[in-house]
Structure formats: C-alpha cells, structure tokens
$ cat my_file-v1.cif   # mmCIF, C-alpha atoms
data_upload
loop_
_atom_site.group_PDB
_atom_site.id
_atom_site.type_symbol
_atom_site.label_atom_id
_atom_site.label_comp_id
_atom_site.auth_asym_id
_atom_site.auth_seq_id
_atom_site.Cartn_x
_atom_site.Cartn_y
_atom_site.Cartn_z
ATOM 1 C CA MET A 2 -9.805 11.294 25.710
ATOM 2 C CA SER A 3 -7.492 11.300 22.685
ATOM 3 C CA THR A 4 -8.972 11.348 19.208
ATOM 4 C CA PRO A 5 -8.851 7.884 17.561
ATOM 5 C CA HIS A 6 -6.431 7.350 14.716
ATOM 6 C CA VAL A 7 -7.908 7.761 11.237
ATOM 7 C CA ALA A 8 -6.361 5.737 8.412
ATOM 8 C CA LEU A 9 -6.880 6.124 4.677
ATOM 9 C CA VAL A 10 -6.042 2.810 2.979
ATOM 10 C CA THR A 11 -6.058 2.758 -0.812
ATOM 11 C CA GLY A 12 -6.718 -0.361 -2.854
ATOM 12 C CA SER A 13 -8.607 -1.871 0.074
ATOM 13 C CA SER A 14 -11.405 -3.671 -1.752
ATOM 14 C CA ARG A 15 -9.365 -6.879 -1.816
ATOM 15 C CA GLY A 16 -5.958 -8.453 -1.230
ATOM 16 C CA ILE A 17 -3.254 -6.720 0.774
ATOM 17 C CA GLY A 18 -5.209 -3.476 1.141
ATOM 18 C CA ARG A 19 -8.248 -5.256 2.543
ATOM 19 C CA ALA A 20 -6.071 -7.196 4.996
ATOM 20 C CA ILE A 21 -4.403 -4.000 6.222
ATOM 21 C CA ALA A 22 -7.757 -2.232 6.578
ATOM 22 C CA ARG A 23 -9.185 -5.095 8.628
ATOM 23 C CA ARG A 24 -6.138 -5.372 10.893
ATOM 24 C CA PHE A 25 -6.077 -1.617 11.528
ATOM 25 C CA ALA A 26 -9.770 -1.600 12.397
ATOM 26 C CA ALA A 27 -9.273 -4.507 14.780
ATOM 27 C CA ALA A 28 -6.677 -2.358 16.570
ATOM 28 C CA GLY A 29 -9.221 0.436 17.052
ATOM 29 C CA ILE A 30 -8.218 2.605 14.086
ATOM 30 C CA ALA A 31 -11.052 4.190 12.081
ATOM 31 C CA VAL A 32 -10.543 3.244 8.427
ATOM 32 C CA ALA A 33 -11.462 5.016 5.200
ATOM 33 C CA ALA A 34 -11.298 2.250 2.598
ATOM 34 C CA ALA A 35 -10.754 3.572 -0.925
ATOM 35 C CA SER A 36 -10.623 1.900 -4.339
ATOM 36 C CA ARG A 37 -12.458 1.699 -7.656
ATOM 37 C CA SER A 38 -14.472 -1.408 -6.764
ATOM 38 C CA LEU A 39 -17.370 -0.211 -4.651
ATOM 39 C CA ARG A 40 -19.730 -3.143 -5.079
ATOM 40 C CA ALA A 41 -19.282 -6.878 -5.603
ATOM 41 C CA GLY A 42 -18.629 -7.578 -9.274
ATOM 42 C CA ASP A 43 -17.174 -4.141 -10.022
ATOM 43 C CA GLY A 44 -13.641 -5.477 -10.493
ATOM 44 C CA GLN A 45 -11.868 -8.271 -12.332
ATOM 45 C CA TYR A 46 -11.266 -10.123 -9.049
ATOM 46 C CA ALA A 47 -13.519 -10.914 -6.109
ATOM 47 C CA GLY A 48 -13.846 -8.249 -3.420
ATOM 48 C CA SER A 49 -15.298 -4.780 -3.008
ATOM 49 C CA LEU A 50 -15.239 -1.831 -0.648
ATOM 50 C CA GLU A 51 -18.749 -2.585 0.557
ATOM 51 C CA GLU A 52 -17.678 -6.117 1.499
ATOM 52 C CA THR A 53 -14.512 -4.875 3.242
ATOM 53 C CA VAL A 54 -16.451 -2.329 5.284
ATOM 54 C CA ALA A 55 -19.225 -4.801 6.114
ATOM 55 C CA GLN A 56 -16.651 -7.275 7.446
ATOM 56 C CA ILE A 57 -14.936 -4.596 9.533
ATOM 57 C CA ARG A 58 -18.238 -3.470 11.027
ATOM 58 C CA ALA A 59 -19.262 -7.077 11.722
ATOM 59 C CA ASP A 60 -16.004 -7.447 13.640
ATOM 60 C CA GLY A 61 -16.851 -4.355 15.696
ATOM 61 C CA GLY A 62 -14.627 -1.856 13.892
ATOM 62 C CA THR A 63 -15.257 1.529 12.287
ATOM 63 C CA ALA A 64 -14.936 1.994 8.523
ATOM 64 C CA VAL A 65 -16.361 3.884 5.578
ATOM 65 C CA ALA A 66 -16.141 3.097 1.865
ATOM 66 C CA ILE A 67 -15.026 5.752 -0.620
ATOM 67 C CA GLU A 68 -15.112 4.909 -4.319
ATOM 68 C CA PHE A 69 -12.106 6.571 -5.968
ATOM 69 C CA ASP A 70 -9.920 5.966 -9.025
ATOM 70 C CA LEU A 71 -6.299 6.652 -8.045
ATOM 71 C CA SER A 72 -5.165 6.211 -11.664
ATOM 72 C CA ASP A 73 -7.169 9.207 -12.891
ATOM 73 C CA PRO A 74 -4.827 12.232 -13.128
ATOM 74 C CA SER A 75 -7.798 14.621 -12.885
ATOM 75 C CA ALA A 76 -9.201 13.033 -9.715
ATOM 76 C CA ASP A 77 -9.280 15.278 -6.641
ATOM 77 C CA ARG A 78 -6.884 13.414 -4.352
ATOM 78 C CA SER A 79 -6.809 16.160 -1.750
ATOM 79 C CA GLY A 80 -10.600 15.892 -1.765
ATOM 80 C CA LEU A 81 -10.296 12.182 -0.970
ATOM 81 C CA VAL A 82 -8.221 12.985 2.117
ATOM 82 C CA ALA A 83 -10.692 15.680 3.157
ATOM 83 C CA ARG A 84 -13.664 13.359 2.684
ATOM 84 C CA ALA A 85 -12.042 10.629 4.782
ATOM 85 C CA ALA A 86 -11.470 13.154 7.570
ATOM 86 C CA ALA A 87 -15.019 14.508 7.327
ATOM 87 C CA GLU A 88 -16.677 11.088 7.376
ATOM 88 C CA LEU A 89 -14.568 9.789 10.274
ATOM 89 C CA GLY A 90 -14.530 12.975 12.341
ATOM 90 C CA ALA A 91 -10.801 13.726 12.527
ATOM 91 C CA PRO A 92 -7.873 14.461 10.200
ATOM 92 C CA VAL A 93 -6.204 11.489 8.548
ATOM 93 C CA ASP A 94 -3.056 10.681 10.531
ATOM 94 C CA ILE A 95 -2.286 7.335 8.853
ATOM 95 C CA LEU A 96 -1.971 6.975 5.078
ATOM 96 C CA VAL A 97 -1.365 3.619 3.402
ATOM 97 C CA ASN A 98 -0.542 3.843 -0.312
ATOM 98 C CA ASN A 99 -1.382 0.372 -1.566
ATOM 99 C CA ALA A 100 -3.277 0.899 -4.845
ATOM 100 C CA ALA A 101 -1.259 -0.107 -7.898
ATOM 101 C CA ALA A 102 -1.470 -0.027 -11.682
ATOM 102 C CA PRO A 103 -1.448 -3.182 -13.835
ATOM 103 C CA ARG A 104 1.951 -4.804 -13.416
ATOM 104 C CA GLU A 105 2.703 -5.134 -17.145
ATOM 105 C CA PHE A 106 5.003 -8.127 -16.567
ATOM 106 C CA ASP A 107 4.426 -9.381 -20.115
ATOM 107 C CA ARG A 108 5.239 -6.020 -21.719
ATOM 108 C CA GLN A 109 9.006 -6.300 -21.905
ATOM 109 C CA TYR A 110 11.521 -3.484 -22.212
ATOM 110 C CA PRO A 111 11.443 -2.853 -25.982
ATOM 111 C CA ARG A 112 7.634 -3.082 -26.175
ATOM 112 C CA MET A 113 6.733 -0.601 -23.436
ATOM 113 C CA THR A 114 4.187 2.031 -24.411
ATOM 114 C CA ARG A 115 4.010 5.611 -23.245
ATOM 115 C CA GLU A 116 0.458 5.015 -21.984
ATOM 116 C CA ALA A 117 1.457 2.035 -19.828
ATOM 117 C CA PHE A 118 4.506 3.894 -18.534
ATOM 118 C CA PHE A 119 2.630 6.996 -17.444
ATOM 119 C CA THR A 120 -0.311 5.040 -16.018
ATOM 120 C CA SER A 121 2.093 3.119 -13.786
ATOM 121 C CA VAL A 122 3.974 6.201 -12.647
ATOM 122 C CA GLU A 123 0.712 8.106 -12.064
ATOM 123 C CA THR A 124 -0.896 5.334 -10.016
ATOM 124 C CA ASN A 125 2.066 3.805 -8.207
ATOM 125 C CA VAL A 126 4.112 6.923 -7.508
ATOM 126 C CA TRP A 127 2.461 10.309 -8.026
ATOM 127 C CA ALA A 128 -0.970 9.416 -6.593
ATOM 128 C CA GLY A 129 0.594 8.374 -3.292
ATOM 129 C CA TRP A 130 2.834 11.431 -3.230
ATOM 130 C CA GLU A 131 -0.148 13.708 -3.839
ATOM 131 C CA LEU A 132 -2.196 11.998 -1.116
ATOM 132 C CA ALA A 133 0.697 12.408 1.292
ATOM 133 C CA THR A 134 1.063 16.114 0.641
ATOM 134 C CA ALA A 135 -2.681 16.506 1.219
ATOM 135 C CA ALA A 136 -2.549 14.532 4.474
ATOM 136 C CA VAL A 137 0.550 16.151 5.999
ATOM 137 C CA PRO A 138 -1.207 19.341 7.238
ATOM 138 C CA GLY A 139 -3.683 17.237 9.219
ATOM 139 C CA MET A 140 -0.861 15.122 10.606
ATOM 140 C CA ARG A 141 0.938 18.260 11.734
ATOM 141 C CA GLU A 142 -2.279 19.443 13.351
ATOM 142 C CA ARG A 143 -2.561 16.173 15.245
ATOM 143 C CA GLY A 144 1.106 16.232 16.282
ATOM 144 C CA ALA A 145 2.114 12.992 14.567
ATOM 145 C CA GLY A 146 1.533 10.987 11.426
ATOM 146 C CA TRP A 147 2.426 7.829 9.549
ATOM 147 C CA ILE A 148 2.808 7.378 5.786
ATOM 148 C CA LEU A 149 3.299 3.845 4.487
ATOM 149 C CA SER A 150 3.765 2.774 0.871
ATOM 150 C CA ILE A 151 3.556 -0.850 -0.216
ATOM 151 C CA SER A 152 6.680 -1.734 -2.153
ATOM 152 C CA SER A 153 7.969 -4.988 -3.626
ATOM 153 C CA THR A 154 11.063 -7.164 -3.868
ATOM 154 C CA GLN A 155 10.773 -6.387 -7.596
ATOM 155 C CA ALA A 156 12.340 -3.006 -6.761
ATOM 156 C CA GLY A 157 15.686 -4.765 -6.424
ATOM 157 C CA PRO A 158 17.969 -5.317 -9.405
ATOM 158 C CA ARG A 159 17.975 -8.321 -11.660
ATOM 159 C CA THR A 160 21.408 -9.855 -11.163
ATOM 160 C CA GLY A 161 23.456 -11.507 -13.909
ATOM 161 C CA PRO A 162 24.699 -12.697 -16.214
ATOM 162 C CA PRO A 163 23.621 -15.390 -16.166
ATOM 163 C CA PHE A 164 20.034 -14.225 -15.675
ATOM 164 C CA LYS A 165 17.793 -16.885 -14.205
ATOM 165 C CA PRO A 166 14.372 -17.349 -15.822
ATOM 166 C CA ASN A 167 11.658 -15.423 -14.010
ATOM 167 C CA PRO A 168 7.882 -15.618 -14.577
ATOM 168 C CA THR A 169 7.706 -11.820 -14.198
ATOM 169 C CA ASN A 170 10.505 -11.333 -16.764
ATOM 170 C CA GLY A 171 12.465 -8.176 -15.902
ATOM 171 C CA ALA A 172 9.477 -6.552 -14.132
ATOM 172 C CA THR A 173 11.091 -3.463 -15.640
ATOM 173 C CA LEU A 174 8.303 -0.919 -15.276
ATOM 174 C CA TYR A 175 6.671 -2.272 -12.114
ATOM 175 C CA GLY A 176 10.028 -2.711 -10.388
ATOM 176 C CA ALA A 177 11.141 0.767 -11.424
ATOM 177 C CA THR A 178 8.090 2.415 -9.863
ATOM 178 C CA LYS A 179 8.583 0.456 -6.650
ATOM 179 C CA ALA A 180 12.261 1.449 -6.562
ATOM 180 C CA MET A 181 11.180 5.077 -6.898
ATOM 181 C CA ILE A 182 8.782 4.616 -3.980
ATOM 182 C CA ASP A 183 11.639 3.267 -1.855
ATOM 183 C CA ARG A 184 13.795 6.313 -2.578
ATOM 184 C CA ILE A 185 10.917 8.731 -1.972
ATOM 185 C CA THR A 186 10.384 7.010 1.365
ATOM 186 C CA THR A 187 13.863 7.659 2.719
ATOM 187 C CA GLY A 188 13.923 11.246 1.457
ATOM 188 C CA GLY A 189 10.443 11.947 2.771
ATOM 189 C CA ALA A 190 11.327 10.481 6.156
ATOM 190 C CA MET A 191 14.251 12.884 6.415
ATOM 191 C CA GLU A 192 12.222 15.919 5.378
ATOM 192 C CA LEU A 193 9.245 15.169 7.654
ATOM 193 C CA TYR A 194 11.206 13.972 10.674
ATOM 194 C CA THR A 195 10.916 17.246 12.598
ATOM 195 C CA ASP A 196 7.134 17.137 12.027
ATOM 196 C CA ASN A 197 6.983 13.813 13.901
ATOM 197 C CA ILE A 198 5.735 12.061 10.765
ATOM 198 C CA ALA A 199 7.037 8.585 9.957
ATOM 199 C CA VAL A 200 7.508 7.625 6.308
ATOM 200 C CA ASN A 201 8.119 3.967 5.520
ATOM 201 C CA ALA A 202 7.888 1.411 2.724
ATOM 202 C CA LEU A 203 6.962 -2.233 3.232
ATOM 203 C CA ALA A 204 7.271 -5.228 0.951
ATOM 204 C CA PRO A 205 6.396 -8.891 1.376
ATOM 205 C CA GLU A 206 9.433 -11.083 1.997
ATOM 206 C CA VAL A 207 7.765 -13.682 -0.227
ATOM 207 C CA GLN A 208 4.717 -13.090 -2.402
ATOM 208 C CA ILE A 209 1.291 -12.843 -0.783
ATOM 209 C CA ALA A 210 -1.163 -15.314 -2.330
ATOM 210 C CA THR A 211 -3.827 -12.824 -3.375
ATOM 211 C CA ASP A 212 -6.134 -13.689 -6.274
ATOM 212 C CA HIS A 213 -4.075 -11.373 -8.475
ATOM 213 C CA ALA A 214 -0.738 -12.883 -7.449
ATOM 214 C CA LEU A 215 -2.024 -16.393 -8.074
ATOM 215 C CA THR A 216 -2.267 -15.572 -11.788
ATOM 216 C CA ILE A 217 1.556 -15.540 -11.967
ATOM 217 C CA ALA A 218 3.217 -18.838 -12.902
ATOM 218 C CA GLY A 219 4.786 -20.525 -9.885
ATOM 219 C CA VAL A 220 2.802 -18.612 -7.252
ATOM 220 C CA GLU A 221 0.814 -21.019 -5.100
ATOM 221 C CA THR A 222 -0.711 -20.783 -1.656
ATOM 222 C CA TRP A 223 1.796 -23.288 -0.253
ATOM 223 C CA ASN A 224 4.860 -21.197 -1.201
ATOM 224 C CA SER A 225 3.417 -17.801 -0.296
ATOM 225 C CA GLU A 226 2.915 -15.769 2.852
ATOM 226 C CA PRO A 227 -0.520 -15.363 4.415
ATOM 227 C CA GLU A 228 -1.898 -11.836 4.177
ATOM 228 C CA GLU A 229 -1.822 -11.551 7.979
ATOM 229 C CA THR A 230 1.967 -11.082 7.950
ATOM 230 C CA ILE A 231 2.007 -7.898 5.905
ATOM 231 C CA ALA A 232 -1.060 -6.583 7.739
ATOM 232 C CA GLU A 233 0.715 -6.999 11.083
ATOM 233 C CA ALA A 234 3.916 -5.403 9.808
ATOM 234 C CA ALA A 235 1.922 -2.498 8.374
ATOM 235 C CA LEU A 236 0.236 -1.953 11.743
ATOM 236 C CA ALA A 237 3.638 -1.893 13.443
ATOM 237 C CA LEU A 238 4.974 0.748 11.043
ATOM 238 C CA CYS A 239 1.818 2.868 11.360
ATOM 239 C CA THR A 240 1.682 2.911 15.157
ATOM 240 C CA GLY A 241 5.362 2.978 16.096
ATOM 241 C CA ASP A 242 7.295 5.961 17.430
ATOM 242 C CA PRO A 243 7.784 8.303 14.426
ATOM 243 C CA GLN A 244 11.102 9.412 15.897
ATOM 244 C CA LYS A 245 12.455 5.858 15.829
ATOM 245 C CA LEU A 246 10.576 3.736 13.308
ATOM 246 C CA THR A 247 10.891 5.802 10.147
ATOM 247 C CA GLY A 248 12.885 5.852 6.923
ATOM 248 C CA ARG A 249 12.567 2.084 6.587
ATOM 249 C CA VAL A 250 12.405 0.120 3.365
ATOM 250 C CA ALA A 251 11.258 -2.923 5.289
ATOM 251 C CA TYR A 252 10.394 -6.539 4.550
ATOM 252 C CA ASN A 253 7.554 -7.792 6.669
ATOM 253 C CA LEU A 254 8.888 -11.076 8.071
ATOM 254 C CA SER A 255 12.268 -9.567 8.958
ATOM 255 C CA LEU A 256 10.554 -6.570 10.542
ATOM 256 C CA LEU A 257 8.260 -8.749 12.638
ATOM 257 C CA VAL A 258 11.232 -10.779 13.880
ATOM 258 C CA GLU A 259 13.199 -7.608 14.647
ATOM 259 C CA LEU A 260 10.314 -6.143 16.640
ATOM 260 C CA GLY A 261 9.459 -9.448 18.316
ATOM 261 C CA ARG A 262 5.902 -9.003 17.143
ATOM 262 C CA ALA A 263 3.359 -11.805 16.969
ATOM 263 C CA VAL A 264 1.073 -12.171 13.976
ATOM 264 C CA HIS A 265 -2.644 -12.000 14.735
ATOM 265 C CA SER A 266 -5.699 -12.940 12.734
ATOM 266 C CA LEU A 267 -7.346 -10.061 10.906
ATOM 267 C CA ASP A 268 -10.245 -9.751 13.335
#

$ encode --input "my_file-v1.cif" --output "structure tokens"
Amino acid sequence: MSTPHVALVTGSSRGIGRAIARRFAAAGIAVAAASRSLRAGDGQYAGSLEETVAQIRADGGTAVAIEFDLSDPSADRSGLVARAAAELGAPVDILVNNAAAPREFDRQYPRMTREAFFTSVETNVWAGWELATAAVPGMRERGAGWILSISSTQAGPRTGPPFKPNPTNGATLYGATKAMIDRITTGGAMELYTDNIAVNALAPEVQIATDHALTIAGVETWNSEPEETIAEAALALCTGDPQKLTGRVAYNLSLLVELGRAVHSLD
C-alpha cells in the first residue's frame, strides 16, 4: 500500500488556507495545519487551527495543528517541516504556501516603511522559499512532490494613464511580493522538474469573500467567489502529474474550466 500524501498548509486557521486544508483532507490527504492562531480568539478574525482540525476530523479526515509564526525570521522553518512529517508519519510531499503578511494597502508608495517592507518580503516570499527547500529532500525521497504558492491578481501591473480608482490603491508592496512569488514559481518549476516536483502559483480569478477580504471597500459576498473554487483548483495542482502540470501561474476558475474539473463542497 502506498504511503498517503502529507500536506503542510500554512495560514490554515481561517479563510483560503482553511478551505484548502479541508478539501485536501476530504481527498484523503493527511494535513498539517499551521498558523499563529491556535485557539479560538487568538487572531483578529474568527477561526483557529484547533477549529480547522476539529472540522477535518469530524468529516473523517486526518489533520494535526501546529502553531507557528511564519513572519518570525528566527523561527525554525525546517523544524516545522520535520514536525509535520513526524506527526503524520511520512515526509511532506505537498506544501501550500498560503500565509501572508498584512497587505498594507493604505500605506502608499512614498509612505512605505522599512519594517513593513521586510515583514512582507519575509512572510510572503522568503518563508515559503525556506519551507520549500526544507521539504524538497523528503519529496525526492518519496519520488514526487508538489509546491503551491497562493498568489494574487494584484501581482499584475496597474495600467494607465488614466488610472482607475482602486480601493487597494496601487497595492504596491503586496502586489510586488506576489509578483516575486510568480517568478520564483516558474524558475523553481524548471529547476525541480527532473526531481518530479511540481511548482505552481494560484490566484483567485475574483476575490474570495473571506472575513479579511470583506474589510476592503467594494468586496461583498455577491461579487466574490466561494472558497470552494480555489480549494478545488489547489487540489488539482497538488495532485496532478508533476511532469505536465507545473510551472503554472494559474487562475482558479480558468484552470478548473481547462481541466474540466467540477467544484465540490469542502467535506
């Protein structure tokens, strides 16, 4: 019998990360859910790792909660990968980099601070890179692997003049880190191709109506995607043939149409 897949999903106490963790578990993947919010009330928004894991287990899946601060430069990220493997009984062969720093939409170009800049780069870019390098040896051992980073349409350029008003302003810092993720994805896919490791990035076609997203002017549930769409697209990218479905900077609705893939509920 083959060893079950083991996925490490960061930022999985709520929102997109929680949806991905639940969908993976429903597909039989053992999930290590990691974030800073271990218990209810730990974060600014509703949701916690304990609640995510409890829901997965109630649905019949396998999951463990690992409290971890991805924004801390001194945190032992290779230790996080090792702990996930130890607690779930096999090396991590699926890594989903979903945790993100504050978006800083209101801190426009001339008012950016060094602290905000480096926190965003540390959390959004380097943390995921460091987790990937820690996970790759286990993926090689298992003969295949999948690395997925959650990107954003904000990675694209602002076009103009004229520049249309936007509630996220230029999204200068957030968009820049997501653009860097996209470029790392295509380069990483090339360099890990012979190892049979897929490297992809995935962004919502339209915003996902998470509690955090709903704080942005103009974002409502009626004009947003349900979280099931990105969860299904993430599952497709993390279970597809690494020799074929790799090097993608994908948008979830377009990807689902391309693959002819139905969207399922999270359980």

$ closest_residue --input "my_file-v1.cif" --among "A:Gly62, A:Gly18, A:Ala27, A:Arg78" --to "A:Ile209" --atoms "all atoms listed in the file"
A:Gly18

$ residues_around --input "my_file-v1.cif" --residues "stretch 145-162 of chain A" --least-positions-apart "4" --cutoff "6 Å" --atoms "all atoms listed in the file" --output "PyMOL selection string"
chain A and resi 94-99+140+176+179-180+197-204+239

$ closest_atom_pairs --input "my_file-v1.cif" --of "stretch 6-61 of chain A" --to "stretch 263-267 of chain A" --cutoff "8 Å" --atoms "all atoms listed in the file" --output "JSON lines"
{"residue": "A:Ala20", "atom": "CA", "partner": "A:Leu267", "partner_atom": "CA", "distance": 6.7}
{"residue": "A:Arg23", "atom": "CA", "partner": "A:Leu267", "partner_atom": "CA", "distance": 5.8}
{"residue": "A:Arg24", "atom": "CA", "partner": "A:Leu267", "partner_atom": "CA", "distance": 4.8}
{"residue": "A:Ala27", "atom": "CA", "partner": "A:Leu267", "partner_atom": "CA", "distance": 7.0}

$ closest_residue --input "my_file-v1.cif" --among "A:Ile182, A:Ala87, A:Ala101, A:Ala177" --to "A:Trp130" --atoms "only C-alpha atoms"
A:Ile182

$ resolve_selection --input "my_file-v1.cif" --expression "the PyMOL selection byres ((chain A and resi 38-41) around 12)" --output "MDAnalysis selection string"
chainID A and resid 11:15 19 34:37 42:55 65:71 100

$ closest_residue --input "my_file-v1.cif" --among "A:Pro74, A:Gly80, A:Gly189, A:Gly29" --to "A:Arg58" --atoms "all atoms listed in the file"
A:Gly29

$ resolve_selection --input "my_file-v1.cif" --expression "the PyMOL selection byres ((chain A and resi 228) around 8)" --output "ChimeraX atom specification"
/A:16-17,20,209-211,226-227,229-232

$ closest_residue --input "my_file-v1.cif" --among "A:Pro103, A:Gly139, A:Gly144, A:Gly129" --to "A:Tyr194" --atoms "all atoms listed in the file"
A:Gly144

$ atom_distance --input "my_file-v1.cif" --atom1 "atom CA of A:Ala117" --atom2 "atom CA of A:Gly188"
26.3 Å

$ atom_distance --input "my_file-v1.cif" --atom1 "atom CA of A:Pro163" --atom2 "atom CA of A:Trp223"
28.1 Å

$ atom_distance --input "my_file-v1.cif" --atom1 "atom CA of A:Thr240" --atom2 "atom CA of A:Leu193"
16.2 Å

$ residues_around --input "my_file-v1.cif" --residues "A:Glu116" --least-positions-apart "4" --cutoff "12 Å" --atoms "all atoms listed in the file" --output "list of chain:residue names"
A:Ser72, A:Ala102, A:Pro103, A:Glu105, A:Arg112, A:Thr120, A:Ser121, A:Val122, A:Glu123, A:Leu174

$ write_last_selection --input "my_file-v1.cif" --atoms "C-alpha atoms" --output "compact mmCIF listing (two decimals), keeping the file's coordinate frame"
# COMPACT_ATOMS: atom_id res chain seq x y z
CA SER A 72 -5.16 6.21 -11.66
CA ALA A 102 -1.47 -0.03 -11.68
CA PRO A 103 -1.45 -3.18 -13.84
CA GLU A 105 2.70 -5.13 -17.14
CA ARG A 112 7.63 -3.08 -26.18
CA THR A 120 -0.31 5.04 -16.02
CA SER A 121 2.09 3.12 -13.79
CA VAL A 122 3.97 6.20 -12.65
CA GLU A 123 0.71 8.11 -12.06
CA LEU A 174 8.30 -0.92 -15.28

$ axis_aligned_box --input "my_file-v1.cif" --around "stretch 235-251 of chain A" --padding-each-side "3 Å" --output "JSON"
{"center_x": 6.6, "center_y": 3.2, "center_z": 10.4, "size_x": 18.6, "size_y": 18.3, "size_z": 20.1}

$ build_atoms --input "my_file-v1.cif" --residues "stretch 124-144 of chain A" --atoms "N, CA and C atoms" --output "CSV table (one decimal), in the coordinates of the input"
chain,number,residue,atom,x,y,z
A,124,THR,N,-0.2,6.1,-11.0
A,124,THR,CA,-0.9,5.3,-10.0
A,124,THR,C,0.0,4.9,-8.9
A,125,ASN,N,1.2,4.4,-9.2
A,125,ASN,CA,2.1,3.8,-8.2
A,125,ASN,C,2.9,4.8,-7.5
A,126,VAL,N,3.2,6.0,-8.1
A,126,VAL,CA,4.1,6.9,-7.5
A,126,VAL,C,3.4,8.3,-7.2
A,127,TRP,N,3.0,9.0,-8.2
A,127,TRP,CA,2.5,10.3,-8.0
A,127,TRP,C,1.2,10.3,-7.2
A,128,ALA,N,0.3,9.4,-7.4
A,128,ALA,CA,-1.0,9.4,-6.6
A,128,ALA,C,-0.7,9.4,-5.1
A,129,GLY,N,0.2,8.5,-4.7
A,129,GLY,CA,0.6,8.4,-3.3
A,129,GLY,C,1.3,9.6,-2.8
A,130,TRP,N,2.1,10.2,-3.6
A,130,TRP,CA,2.8,11.4,-3.2
A,130,TRP,C,1.8,12.5,-3.0
A,131,GLU,N,0.9,12.6,-3.9
A,131,GLU,CA,-0.1,13.7,-3.8
A,131,GLU,C,-1.1,13.5,-2.6
A,132,LEU,N,-1.4,12.3,-2.3
A,132,LEU,CA,-2.2,12.0,-1.1
A,132,LEU,C,-1.4,12.4,0.1
A,133,ALA,N,-0.1,12.1,0.1
A,133,ALA,CA,0.7,12.4,1.3
A,133,ALA,C,0.8,13.9,1.5
A,134,THR,N,1.0,14.7,0.5
A,134,THR,CA,1.1,16.1,0.6
A,134,THR,C,-0.3,16.7,1.1
A,135,ALA,N,-1.4,16.0,0.7
A,135,ALA,CA,-2.7,16.5,1.2
A,135,ALA,C,-2.9,16.1,2.7
A,136,ALA,N,-2.3,15.0,3.1
A,136,ALA,CA,-2.5,14.5,4.5
A,136,ALA,C,-1.6,15.2,5.5
A,137,VAL,N,-0.5,15.6,5.1
A,137,VAL,CA,0.6,16.2,6.0
A,137,VAL,C,0.0,17.3,6.9
A,138,PRO,N,-0.7,18.3,6.3
A,138,PRO,CA,-1.2,19.3,7.2
A,138,PRO,C,-2.0,18.8,8.4
A,139,GLY,N,-2.9,17.8,8.1
A,139,GLY,CA,-3.7,17.2,9.2
A,139,GLY,C,-2.8,16.5,10.2
A,140,MET,N,-1.8,15.8,9.7
A,140,MET,CA,-0.9,15.1,10.6
A,140,MET,C,-0.1,16.1,11.5
A,141,ARG,N,0.3,17.2,10.9
A,141,ARG,CA,0.9,18.3,11.7
A,141,ARG,C,0.0,18.8,12.8
A,142,GLU,N,-1.3,19.0,12.4
A,142,GLU,CA,-2.3,19.4,13.4
A,142,GLU,C,-2.4,18.5,14.5
A,143,ARG,N,-2.4,17.2,14.2
A,143,ARG,CA,-2.6,16.2,15.2
A,143,ARG,C,-1.3,15.9,16.0
A,144,GLY,N,-0.2,16.4,15.6
A,144,GLY,CA,1.1,16.2,16.3
A,144,GLY,C,1.9,15.0,15.9
